[in-house]
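Q: Got data.tsv for you, TSV, C-alpha atoms:
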```tsv
chain	number	residue	atom	x	y	z
A	13	MET	CA	-2.44	0.12	31.29
A	14	GLU	CA	-0.42	-2.67	29.67
A	15	HIS	CA	-3.60	-4.27	28.39
A	16	ARG	CA	-4.68	-1.03	26.73
A	17	ARG	CA	-1.27	-0.48	25.12
A	18	ILE	CA	-1.28	-3.98	23.66
A	19	ARG	CA	-4.85	-3.52	22.45
A	20	ASP	CA	-3.79	-0.43	20.49
A	21	LEU	CA	-1.15	-2.50	18.68
A	22	LEU	CA	-3.55	-5.15	17.34
A	23	GLY	CA	-4.04	-3.34	14.01
A	24	PRO	CA	-0.36	-3.27	13.04
A	25	TYR	CA	-0.05	-6.75	14.59
A	26	VAL	CA	-2.47	-8.30	12.05
A	27	LEU	CA	-0.81	-6.21	9.34
A	28	GLY	CA	2.56	-7.73	10.28
A	29	ALA	CA	3.85	-4.20	10.82
A	30	LEU	CA	5.26	-4.44	14.33
A	31	THR	CA	8.87	-4.73	15.34
A	32	PRO	CA	9.92	-8.29	16.32
A	33	GLU	CA	9.98	-7.26	19.97
A	34	GLU	CA	6.49	-5.76	19.83
A	35	GLU	CA	5.16	-8.77	17.96
A	36	LEU	CA	6.51	-11.12	20.61
A	37	GLU	CA	5.05	-8.98	23.36
A	38	VAL	CA	1.59	-8.90	21.74
A	39	GLY	CA	1.70	-12.65	21.07
A	40	GLU	CA	2.47	-13.41	24.71
A	41	HIS	CA	-0.31	-11.10	25.89
A	42	LEU	CA	-2.83	-12.74	23.56
A	43	GLU	CA	-2.07	-16.13	25.08
A	44	GLN	CA	-3.17	-14.80	28.45
A	45	CYS	CA	-5.97	-12.35	27.58
A	46	GLY	CA	-9.25	-13.69	26.22
A	47	GLN	CA	-10.65	-10.20	25.67
A	48	CYS	CA	-7.74	-9.23	23.42
A	49	ARG	CA	-7.92	-12.58	21.59
A	50	SER	CA	-11.55	-11.85	20.76
A	51	GLU	CA	-10.64	-8.34	19.70
A	52	GLU	CA	-7.82	-9.70	17.55
A	53	VAL	CA	-10.26	-11.99	15.70
A	54	ASP	CA	-12.48	-9.02	14.81
A	55	ILE	CA	-9.57	-6.85	13.71
A	56	ARG	CA	-8.10	-9.67	11.66
A	57	GLN	CA	-11.46	-10.02	9.94
A	58	ALA	CA	-11.41	-6.32	9.07
A	59	HIS	CA	-7.85	-6.74	7.84
A	60	GLU	CA	-8.97	-9.53	5.50
A	61	TYR	CA	-11.82	-7.37	4.22
A	62	MET	CA	-9.36	-4.59	3.41
A	63	SER	CA	-6.87	-6.99	1.82
A	64	ASP	CA	-9.59	-8.44	-0.41
A	65	LEU	CA	-10.76	-4.96	-1.37
A	66	ALA	CA	-7.20	-3.89	-2.19
A	67	SER	CA	-6.78	-6.95	-4.41
A	68	VAL	CA	-9.88	-6.04	-6.46
A	69	ILE	CA	-9.42	-2.30	-6.83
A	70	GLU	CA	-7.60	-1.09	-9.92
A	71	ALA	CA	-7.14	2.52	-10.84
A	72	PRO	CA	-8.96	3.33	-14.06
A	73	PRO	CA	-7.27	5.68	-16.56
A	74	PRO	CA	-7.54	9.25	-15.18
A	75	GLU	CA	-9.19	10.54	-18.35
A	76	LEU	CA	-12.10	8.15	-17.85
A	77	LYS	CA	-13.56	10.24	-15.04
A	78	SER	CA	-14.65	13.18	-17.18
A	79	ARG	CA	-16.50	10.82	-19.53
A	80	ALA	CA	-18.01	8.69	-16.77
A	81	VAL	CA	-19.39	11.44	-14.55
A	82	ASP	CA	-20.62	13.61	-17.41
A	83	ARG	CA	-24.39	13.65	-17.23
A	84	PRO	CA	-26.01	11.68	-20.08
A	85	ARG	CA	-27.82	14.03	-22.41
A	86	ARG	CA	-30.84	11.84	-22.95
A	87	SER	CA	-32.98	9.70	-20.69
A	88	SER	CA	-32.69	5.94	-20.97
A	89	ARG	CA	-36.30	5.84	-22.14
A	90	SER	CA	-35.52	7.95	-25.18
A	91	LEU	CA	-32.13	6.33	-25.78
A	92	VAL	CA	-33.39	2.77	-26.16
A	93	PRO	CA	-35.48	3.12	-29.33
A	94	LEU	CA	-32.90	5.40	-30.88
A	95	ALA	CA	-30.03	3.07	-30.14
A	96	ALA	CA	-32.08	0.14	-31.37
A	97	ALA	CA	-32.82	1.98	-34.59
A	98	ALA	CA	-29.17	2.85	-35.07
A	99	VAL	CA	-28.09	-0.73	-34.44
A	100	LEU	CA	-30.75	-2.00	-36.81
A	101	LEU	CA	-29.54	0.36	-39.51
A	102	VAL	CA	-25.98	-0.88	-39.08
A	103	LEU	CA	-27.00	-4.52	-39.05
A	104	VAL	CA	-29.22	-4.17	-42.13
A	105	GLY	CA	-26.52	-2.31	-44.01
A	106	LEU	CA	-23.77	-4.68	-43.02
A	107	ALA	CA	-25.85	-7.80	-43.69
A	108	ALA	CA	-26.76	-6.59	-47.16
A	109	ALA	CA	-23.19	-5.75	-48.02
A	110	TYR	CA	-21.94	-8.98	-46.52
A	111	SER	CA	-24.34	-11.07	-48.57
A	112	ALA	CA	-23.26	-9.19	-51.68
A	113	GLY	CA	-19.67	-10.13	-50.97
A	114	VAL	CA	-18.41	-6.58	-51.15
A	115	PHE	CA	-16.39	-6.62	-47.93
A	116	THR	CA	-12.69	-7.14	-47.92
A	117	PRO	CA	-10.65	-7.54	-44.70
A	118	ALA	CA	-8.45	-4.51	-44.07
A	119	THR	CA	-7.45	-1.90	-41.57
A	120	ALA	CA	-8.56	1.63	-42.23
A	121	THR	CA	-8.24	5.06	-40.72
A	122	ALA	CA	-9.93	8.37	-41.29
A	123	SER	CA	-8.82	11.82	-40.25
A	124	LEU	CA	-11.89	13.93	-39.56
A	125	ASP	CA	-11.84	17.60	-40.53
A	126	PRO	CA	-14.27	20.20	-39.21
A	127	THR	CA	-16.96	21.99	-41.16
A	128	GLN	CA	-17.92	25.59	-40.45
A	129	LEU	CA	-20.36	24.28	-37.84
A	130	ALA	CA	-17.49	23.12	-35.62
A	131	PRO	CA	-14.42	25.30	-36.21
A	132	GLY	CA	-11.37	23.99	-34.37
A	133	ALA	CA	-12.83	20.53	-33.92
A	134	GLY	CA	-11.20	17.36	-35.12
A	135	GLY	CA	-11.29	13.62	-34.87
A	136	GLU	CA	-9.91	10.33	-36.03
A	137	LEU	CA	-11.45	6.96	-36.67
A	138	LYS	CA	-9.45	3.76	-36.65
A	139	LEU	CA	-10.73	0.36	-37.75
A	140	GLU	CA	-8.62	-2.59	-36.75
A	141	ASN	CA	-9.13	-6.18	-37.75
A	142	SER	CA	-9.14	-8.61	-34.86
A	143	ASP	CA	-10.66	-11.95	-35.66
A	144	PRO	CA	-13.61	-12.54	-35.52
A	145	ASN	CA	-14.55	-8.89	-35.19
A	146	ALA	CA	-13.15	-5.55	-36.16
A	147	ARG	CA	-12.67	-2.92	-33.55
A	148	ALA	CA	-13.55	0.67	-34.30
A	149	VAL	CA	-12.23	3.49	-32.15
A	150	LEU	CA	-13.44	7.03	-32.72
A	151	LYS	CA	-11.84	9.98	-30.97
A	152	VAL	CA	-13.10	13.52	-31.30
A	153	TRP	CA	-12.07	16.81	-29.73
A	154	ASN	CA	-13.23	20.41	-29.50
A	155	LEU	CA	-16.71	19.60	-30.71
A	156	PRO	CA	-19.34	22.17	-29.68
A	157	ARG	CA	-21.05	21.43	-26.38
A	158	LEU	CA	-24.41	19.81	-26.82
A	159	LYS	CA	-27.67	21.21	-25.55
A	160	ASP	CA	-30.26	19.11	-23.79
A	161	GLY	CA	-31.66	16.47	-26.12
A	162	GLU	CA	-28.80	16.73	-28.61
A	163	TYR	CA	-26.25	14.10	-29.50
A	164	TYR	CA	-23.66	13.31	-32.13
A	165	GLU	CA	-23.95	10.50	-34.61
A	166	LEU	CA	-21.27	8.67	-36.57
A	167	TRP	CA	-22.07	7.71	-40.13
A	168	CYS	CA	-20.29	5.49	-42.64
A	169	GLY	CA	-20.95	6.23	-46.28
A	170	LYS	CA	-20.42	4.86	-49.74
A	171	GLY	CA	-21.65	6.46	-52.98
A	172	GLY	CA	-24.84	8.32	-52.13
A	173	GLY	CA	-25.84	6.22	-49.13
A	174	ARG	CA	-24.79	5.99	-45.52
A	175	VAL	CA	-25.54	4.01	-42.40
A	176	SER	CA	-25.40	5.01	-38.76
A	177	ALA	CA	-22.54	3.47	-36.81
A	178	GLY	CA	-23.52	4.75	-33.37
A	179	THR	CA	-24.37	7.79	-31.30
A	180	PHE	CA	-22.40	9.52	-28.60
A	181	THR	CA	-22.02	12.66	-26.53
A	182	VAL	CA	-18.93	14.64	-25.56
A	183	ASP	CA	-17.58	16.02	-22.32
A	184	LYS	CA	-17.40	19.69	-21.36
A	185	LYS	CA	-14.30	20.15	-23.47
A	186	GLY	CA	-15.93	18.64	-26.52
A	187	ARG	CA	-14.01	15.38	-26.24
A	188	GLY	CA	-15.38	11.93	-26.70
A	189	THR	CA	-14.26	8.40	-27.43
A	190	LEU	CA	-16.49	5.75	-28.96
A	191	TYR	CA	-15.62	2.07	-29.07
A	192	MET	CA	-17.49	-0.31	-31.34
A	193	SER	CA	-17.20	-3.89	-32.40
A	194	VAL	CA	-18.22	-4.61	-35.98
A	195	PRO	CA	-17.83	-7.60	-38.32
A	196	ALA	CA	-14.26	-7.70	-39.57
A	197	LYS	CA	-15.40	-7.74	-43.17
A	198	ALA	CA	-16.98	-4.32	-42.72
A	199	VAL	CA	-13.62	-2.62	-42.74
A	200	GLY	CA	-13.20	-2.41	-46.50
A	201	GLU	CA	-16.76	-1.43	-47.32
A	202	TYR	CA	-17.10	2.28	-46.66
A	203	GLU	CA	-15.38	5.19	-48.32
A	204	ARG	CA	-16.33	8.12	-46.11
A	205	VAL	CA	-17.22	8.80	-42.53
A	206	GLY	CA	-18.95	11.78	-41.03
A	207	ILE	CA	-20.37	13.05	-37.77
A	208	THR	CA	-23.63	14.95	-37.55
A	209	ARG	CA	-25.20	16.88	-34.74
A	210	GLU	CA	-28.69	15.54	-34.10
A	211	LYS	CA	-31.50	16.35	-31.77
A	212	PHE	CA	-33.79	13.97	-30.00
A	213	PRO	CA	-36.74	13.21	-30.28
A	214	ARG	CA	-36.51	13.75	-34.04
A	215	GLU	CA	-35.37	10.64	-35.83
A	216	PRO	CA	-31.91	11.01	-37.32
A	217	ARG	CA	-32.37	12.56	-40.73
A	218	LEU	CA	-30.60	10.60	-43.41
A	219	ASP	CA	-30.26	13.84	-45.38
A	220	SER	CA	-29.00	15.82	-42.39
A	221	THR	CA	-26.88	18.78	-43.39
A	222	ARG	CA	-25.59	19.42	-39.88
A	223	VAL	CA	-22.30	17.66	-40.54
A	224	VAL	CA	-19.65	18.78	-38.04
A	225	LEU	CA	-16.77	16.48	-39.02
A	226	SER	CA	-16.05	14.40	-42.09
A	227	GLY	CA	-13.22	12.53	-43.71
A	228	GLU	CA	-12.14	9.85	-46.17
A	229	LEU	CA	-11.71	6.31	-44.95
A	230	ASN	CA	-8.33	5.04	-46.14
A	231	GLU	CA	-7.26	1.42	-45.99
A	232	THR	CA	-3.79	0.94	-44.61
B	12	MET	CA	-17.91	15.48	1.03
B	13	ASN	CA	-15.69	13.05	2.87
B	14	GLY	CA	-17.67	11.00	5.33
B	15	VAL	CA	-21.04	11.77	3.72
B	16	ALA	CA	-22.96	8.53	3.29
B	17	ASP	CA	-23.36	7.19	-0.24
B	18	GLU	CA	-27.12	7.34	0.11
B	19	ALA	CA	-27.02	11.05	0.99
B	20	LEU	CA	-24.87	11.70	-2.08
B	21	MET	CA	-27.35	9.83	-4.25
B	22	LYS	CA	-30.13	12.02	-2.89
B	23	ARG	CA	-28.20	15.06	-4.12
B	24	VAL	CA	-27.64	13.48	-7.54
B	25	ALA	CA	-31.33	12.66	-7.85
B	26	GLY	CA	-32.54	15.96	-6.44
B	27	SER	CA	-30.42	18.62	-8.08
B	28	GLY	CA	-28.10	16.73	-10.40
B	29	ASP	CA	-25.22	17.59	-8.06
B	30	GLU	CA	-22.07	16.92	-10.09
B	31	ARG	CA	-19.84	17.11	-6.99
B	32	ALA	CA	-21.87	14.32	-5.43
B	33	ILE	CA	-21.49	11.98	-8.39
B	34	SER	CA	-17.82	12.95	-8.62
B	35	GLU	CA	-17.41	11.83	-4.99
B	36	LEU	CA	-19.25	8.57	-5.71
B	37	TYR	CA	-16.98	8.04	-8.69
B	38	ASP	CA	-13.91	8.56	-6.49
B	39	ARG	CA	-15.25	6.02	-4.02
B	40	TYR	CA	-16.34	3.30	-6.42
B	41	SER	CA	-14.68	3.70	-9.83
B	42	GLY	CA	-11.62	1.67	-8.84
B	43	LEU	CA	-13.86	-1.10	-7.66
B	44	VAL	CA	-16.16	-1.00	-10.70
B	45	TYR	CA	-13.15	-0.94	-13.01
B	46	GLY	CA	-11.44	-3.71	-11.01
B	47	ALA	CA	-14.64	-5.76	-11.11
B	48	GLY	CA	-14.71	-5.18	-14.86
B	49	MET	CA	-11.22	-6.60	-15.12
B	50	ARG	CA	-12.24	-9.66	-13.06
B	51	TYR	CA	-15.38	-10.27	-15.10
B	52	LEU	CA	-14.15	-9.31	-18.55
B	53	GLY	CA	-10.36	-9.52	-18.49
B	54	ASP	CA	-10.02	-6.60	-20.88
B	55	ARG	CA	-9.07	-3.00	-20.08
B	56	THR	CA	-11.13	-1.44	-22.86
B	57	LEU	CA	-14.22	-3.39	-21.85
B	58	ALA	CA	-13.60	-2.52	-18.20
B	59	GLU	CA	-13.51	1.16	-19.18
B	60	ASP	CA	-16.74	0.77	-21.14
B	61	LEU	CA	-18.29	-0.96	-18.16
B	62	THR	CA	-17.24	1.82	-15.78
B	63	GLN	CA	-18.64	4.47	-18.08
B	64	ASP	CA	-21.90	2.56	-18.51
B	65	VAL	CA	-22.30	2.00	-14.78
B	66	PHE	CA	-21.96	5.68	-13.93
B	67	ALA	CA	-24.27	6.64	-16.78
B	68	ALA	CA	-26.78	4.26	-15.17
B	69	VAL	CA	-26.22	5.95	-11.81
B	70	TRP	CA	-27.17	9.27	-13.39
B	71	ARG	CA	-30.17	7.86	-15.19
B	72	SER	CA	-31.51	5.77	-12.32
B	73	ALA	CA	-30.71	8.07	-9.41
B	74	GLY	CA	-34.39	8.99	-9.06
B	75	SER	CA	-35.46	5.38	-8.68
B	76	PHE	CA	-32.77	4.48	-6.14
B	77	ASP	CA	-34.47	3.49	-2.88
B	78	PRO	CA	-32.07	3.26	0.07
B	79	SER	CA	-34.67	1.39	2.12
B	80	ARG	CA	-34.45	-1.53	-0.31
B	81	ALA	CA	-30.68	-1.76	-0.76
B	82	SER	CA	-27.57	0.17	0.11
B	83	PHE	CA	-25.88	2.15	-2.63
B	84	ALA	CA	-22.98	-0.34	-2.57
B	85	THR	CA	-25.36	-3.24	-3.19
B	86	TRP	CA	-27.20	-1.29	-5.86
B	87	ILE	CA	-24.12	-0.25	-7.83
B	88	PHE	CA	-22.70	-3.75	-7.51
B	89	ARG	CA	-25.87	-5.18	-9.08
B	90	ILE	CA	-25.62	-2.68	-11.93
B	91	THR	CA	-21.96	-3.61	-12.42
B	92	ARG	CA	-22.65	-7.34	-12.37
B	93	ASN	CA	-25.64	-7.10	-14.72
B	94	ARG	CA	-23.82	-4.87	-17.18
B	95	ALA	CA	-20.76	-7.13	-17.09
B	96	THR	CA	-22.99	-10.14	-17.70
B	97	ASP	CA	-24.45	-8.41	-20.74
B	98	LEU	CA	-20.97	-7.73	-22.07
B	99	ILE	CA	-19.91	-11.34	-21.46
B	100	ARG	CA	-23.00	-12.66	-23.24
B	101	ARG	CA	-22.42	-10.33	-26.15
B	102	ARG	CA	-18.80	-11.40	-26.42
B	103	ARG	CA	-19.70	-15.07	-26.18
B	104	SER	CA	-22.26	-14.71	-28.95
B	105	ARG	CA	-19.48	-13.44	-31.18
B	106	VAL	CA	-17.10	-16.29	-30.45
B	107	ARG	CA	-19.62	-19.14	-30.71
B	108	THR	CA	-17.99	-21.99	-32.59
B	109	VAL	CA	-19.53	-24.31	-35.14
B	110	GLY	CA	-20.18	-26.94	-32.49
B	111	ASN	CA	-22.08	-24.39	-30.39
B	112	ASP	CA	-19.46	-24.62	-27.66
B	113	PHE	CA	-18.23	-21.47	-26.07
B	114	VAL	CA	-14.58	-20.61	-26.21
B	115	PRO	CA	-13.31	-20.58	-22.60
B	116	GLU	CA	-12.54	-17.06	-21.60
B	117	VAL	CA	-11.31	-14.99	-18.71
B	118	GLY	CA	-14.18	-14.60	-16.27
B	119	GLU	CA	-15.51	-18.17	-16.51
B	120	THR	CA	-15.25	-18.49	-12.74
B	121	ASP	CA	-17.93	-16.25	-11.30
B	122	PRO	CA	-16.24	-13.80	-8.92
B	123	SER	CA	-19.54	-12.21	-7.87
B	124	GLU	CA	-19.55	-13.30	-4.24
B	125	GLU	CA	-16.12	-11.89	-3.54
B	126	LEU	CA	-16.87	-8.72	-5.47
B	127	SER	CA	-20.18	-8.19	-3.70
B	128	ARG	CA	-18.41	-8.15	-0.35
B	129	SER	CA	-15.76	-5.78	-1.66
B	130	PHE	CA	-18.47	-3.28	-2.58
B	131	ASP	CA	-19.80	-3.55	1.00
B	132	VAL	CA	-16.31	-2.98	2.37
B	133	ALA	CA	-15.92	0.10	0.16
B	134	ALA	CA	-19.18	1.45	1.60
B	135	ALA	CA	-18.01	0.73	5.15
B	136	LEU	CA	-14.69	2.43	4.39
B	137	ALA	CA	-16.45	5.53	3.07
B	138	LEU	CA	-18.27	5.90	6.39
B	139	LEU	CA	-15.07	6.09	8.44
B	140	SER	CA	-13.73	9.39	9.68
B	141	PRO	CA	-11.21	11.00	7.29
B	142	ALA	CA	-8.36	10.24	9.72
B	143	HIS	CA	-9.29	6.56	9.92
B	144	ARG	CA	-9.82	6.25	6.20
B	145	GLU	CA	-6.48	7.92	5.54
B	146	VAL	CA	-4.38	5.43	7.48
B	147	LEU	CA	-6.17	2.43	5.96
B	148	THR	CA	-5.91	3.83	2.43
B	149	LEU	CA	-2.19	4.46	2.83
B	150	ALA	CA	-1.57	1.03	4.37
B	151	TYR	CA	-3.68	-1.14	2.05
B	152	PHE	CA	-3.90	0.73	-1.25
B	153	GLN	CA	-0.49	2.37	-1.28
B	154	GLY	CA	1.32	-0.31	0.68
B	155	LEU	CA	3.04	2.09	3.08
B	156	SER	CA	4.56	0.82	6.31
B	157	GLN	CA	3.44	2.31	9.62
B	158	ARG	CA	6.63	4.35	9.77
B	159	GLU	CA	6.12	5.64	6.21
B	160	ILE	CA	2.54	6.60	7.07
B	161	SER	CA	3.85	8.42	10.12
B	162	ARG	CA	6.15	10.49	7.90
B	163	GLU	CA	3.51	10.96	5.20
B	164	ILE	CA	0.90	12.45	7.53
B	165	SER	CA	3.35	14.01	10.02
B	166	THR	CA	1.94	12.06	12.94
B	167	PRO	CA	3.86	10.20	15.68
B	168	LEU	CA	4.41	6.51	14.95
B	169	GLY	CA	2.60	5.43	18.12
B	170	THR	CA	-0.47	7.41	17.11
B	171	VAL	CA	-0.42	5.86	13.64
B	172	LYS	CA	-0.38	2.38	15.17
B	173	SER	CA	-3.27	3.02	17.53
B	174	ARG	CA	-5.20	4.84	14.80
B	175	THR	CA	-4.76	1.89	12.45
B	176	THR	CA	-6.20	-0.37	15.15
B	177	SER	CA	-9.13	1.99	15.77
B	178	ALA	CA	-9.78	2.28	12.03
B	179	LEU	CA	-9.92	-1.50	11.56
B	180	ARG	CA	-12.18	-1.80	14.58
B	181	ALA	CA	-14.53	0.87	13.18
B	182	LEU	CA	-14.54	-0.81	9.78
B	183	ARG	CA	-15.48	-4.12	11.37
B	184	GLU	CA	-18.33	-2.42	13.24
B	185	ASN	CA	-19.61	-0.80	10.05
B	186	MET	CA	-19.56	-4.18	8.33
B	187	THR	CA	-21.43	-5.77	11.23
B	188	ASN	CA	-24.05	-3.01	11.10
B	189	GLN	CA	-24.48	-3.56	7.36
B	190	GLU	CA	-24.95	-7.29	7.91
B	191	LYS	CA	-27.52	-6.66	10.65
B	192	ARG	CA	-29.42	-4.26	8.45
B	193	ARG	CA	-29.38	-6.72	5.57
B	194	SER	CA	-30.60	-9.64	7.68
B	195	GLY	CA	-33.31	-7.34	9.05
B	196	ASP	CA	-34.35	-6.44	5.51
B	197	GLU	CA	-34.49	-10.10	4.55
B	198	ARG	CA	-36.73	-10.91	7.52
B	199	ALA	CA	-39.05	-7.97	6.77
```
Go ahead and render the structure in this file as structure tokens.
A:
Amino acid sequence: MEHRRIRDLLGPYVLGALTPEEELEVGEHLEQCGQCRSEEVDIRQAHEYMSDLASVIEAPPPELKSRAVDRPRRSSRSLVPLAAAAVLLVLVGLAAAYSAGVFTPATATASLDPTQLAPGAGGELKLENSDPNARAVLKVWNLPRLKDGEYYELWCGKGGGRVSAGTFTVDKKGRGTLYMSVPAKAVGEYERVGITREKFPREPRLDSTRVVLSGELNET
Amino acid sequence: MNGVADEALMKRVAGSGDERAISELYDRYSGLVYGAGMRYLGDRTLAEDLTQDVFAAVWRSAGSFDPSRASFATWIFRITRNRATDLIRRRRSRVRTVGNDFVPEVGETDPSEELSRSFDVAAALALLSPAHREVLTLAYFQGLSQREISREISTPLGTVKSRTTSALRALRENMTNQEKRRSGDERA
């Protein structure tokens, strides 16, 4: 009976959670009982597993869950060429502008207002310089839910032209956050930003009229 | 869905796009994926991106997941490690100096071995009964004493102590079973 009672205390014993009296009692029993010593080794191993796990785990921000478990709208097969095309567009545009020396380091923001295609929606884009790259954070809300094969695309524009700066989807409440890293010198280049609603597998149309949000990019 | 094996949840995700199943998998592994992201990348925003990417990959690749080849814990760990490696490479390419040396960064020491085992422990924990998982979660993740756990779950202190012992014993057994299965897979 005593053996069984001591055996039940091995968990809190390895946790250091017993009273001093209990701890002494368990320690004395372990000196005499090979079976409990063996059991204590196994339980201590489990305790170390749990301690290691606890040291790694960190709680992510609660709002991340809705974005992370939202089903992607497109398959990876279809996403790859599209993403590659979008990246290429950005790189070509940025490289051309860079070589022309038109970039100036700055921080810029844009408040995005809805068109009649997305009443009640809104968004904001913030570009922050952080050597050697600029960080772009786009937040949108209340955008219409997307149907299968649809996605949103962020565009940066100047004069009559524009380049894609990335694609994204939104959660059930029409919210989305997009993080990008771009060359710091890109910050001063563009005057306008806009978001269009696109549908795969059509290539993004550079003359798309399905703009859902748009705004002026202001240097701060 | 407590106590349902990860692999069974993945079957539901692959079969019917069960959002409750992926939500449960997120609850089980997001803290670990995010924590691994912090170990690898040392940046909260990148760790968030990593977590989002990993669960997008779970959705996309659910149909190709084969539990006879690797446990879900092993599978999601590999996705996490590979995606983190991509992010590290991308970041290094941006901070390459003139002399082609990399700027030392957080994550230079590869934590993969430790993290791999933590994913296995998370899988073993998920297989415990709810009562066992509860006492271990309260003790290790919330840092409650045995007496505080007793109050928290309205259970006599003596029962909490013996249940903690049983839970650790069951966890150890689950880990041993995983190791046996893995060594069997390697021999096959």
Q: So how far away is atom CA of A:Thr181 from atom CA of A:Arg79, in Å?
A: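 Separating atom CA of A:Arg79 from atom CA of A:Thr181 is a distance of 9.1 Å.
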Q: Between atom CA of B:Tyr51 and atom CA of B:Asp64, what distance in Å does the model show, to one decimal?
A: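 Atom CA of B:Asp64 lies at a distance of 14.8 Å from atom CA of B:Tyr51.
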Q: Distance table requested - chain A against chain B, cut-off 6 Å, all atoms listed in the file: one row per qualifying residue with the closest atom pair and its distance in Å to one decimal, ordered by chain and rising residue number, as a tab-separated table.
A:
```
residue	atom	partner	partner_atom	distance
A:Asp20	CA	B:Ser173	CA	4.6
A:Leu22	CA	B:Thr176	CA	5.9
A:Gly23	CA	B:Thr176	CA	3.8
A:Ile55	CA	B:Arg180	CA	5.8
A:Ala58	CA	B:Arg183	CA	5.2
A:Leu65	CA	B:Ser129	CA	5.1
A:Ala66	CA	B:Phe152	CA	5.8
A:Val68	CA	B:Gly46	CA	5.3
A:Ile69	CA	B:Leu43	CA	4.7
A:Glu70	CA	B:Gly46	CA	4.8
A:Ala71	CA	B:Gly42	CA	5.0
A:Ala80	CA	B:Gln63	CA	4.5
```
Q: For A:Glu165, which residue out of A:Leu76, A:Val26, A:Ala120, A:Leu150 is the nearest one, using only C-alpha atoms?
A: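 When distances to A:Glu165 are compared using only C-alpha atoms, the smallest one comes from A:Leu150.
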Q: Find, counting all atoms listed in the file, the residue in B:Glu190, B:Glu18, B:Asp97, B:Glu159 that gets nearest to A:Ala29.
A: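 Using all atoms listed in the file, A:Ala29 sits closest to B:Glu159.
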Q: Rounded to one decimal place, report the atom CA of B:Leu168-atom CA of A:Gln44 distance in Å.
A: 26.3 Å
Q: Could you put an axis-aligned box around every listed atom of stretch 40-57 of chain B, padded by 6 Å on each side, and send me its centre and edge lengths in Å to one decimal, as AutoDock Vina command-line options?
A:
```
--center_x -12.7 --center_y -3.3 --center_z -14.6 --size_x 19.3 --size_y 26.0 --size_z 28.4
```
Q: From the list A:Phe180, A:Gln57, A:Ser50, A:Arg147, which residue is nearest B:Thr187 when using all atoms listed in the file?
A: A:Gln57
Q: Env of stretch 35-43 of chain A: 12 Å cut, atoms = all atoms listed in the file, seq-sep filter 6 positions within chain, self excluded. Answer as a list in words.
A: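 Listed by chain and then number, they are Glu14, His15, Arg16, Arg17, Ile18, Arg19, Asp20, Leu21, Leu22, Gly23, Pro24, Tyr25, Val26, Leu27, Gly28, Ala29, Arg49, Ser50, Glu51, Glu52 and Val53 of chain A.
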Q: Under the rule that all atoms listed in the file are counted, which of A:Glu210, A:Glu228, A:Glu203, A:Asp183 is the nearest residue to A:Val81?
A: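 The closest residue to A:Val81 is A:Asp183.
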Q: Can you pull out the residues contacting stretch 135-139 of chain A? Cut-off 6 Å, using all atoms listed in the file, and skip same-chain residues under 6 positions away; I want them as a ChimeraX atom specification.
A: /A:119-124,147-152
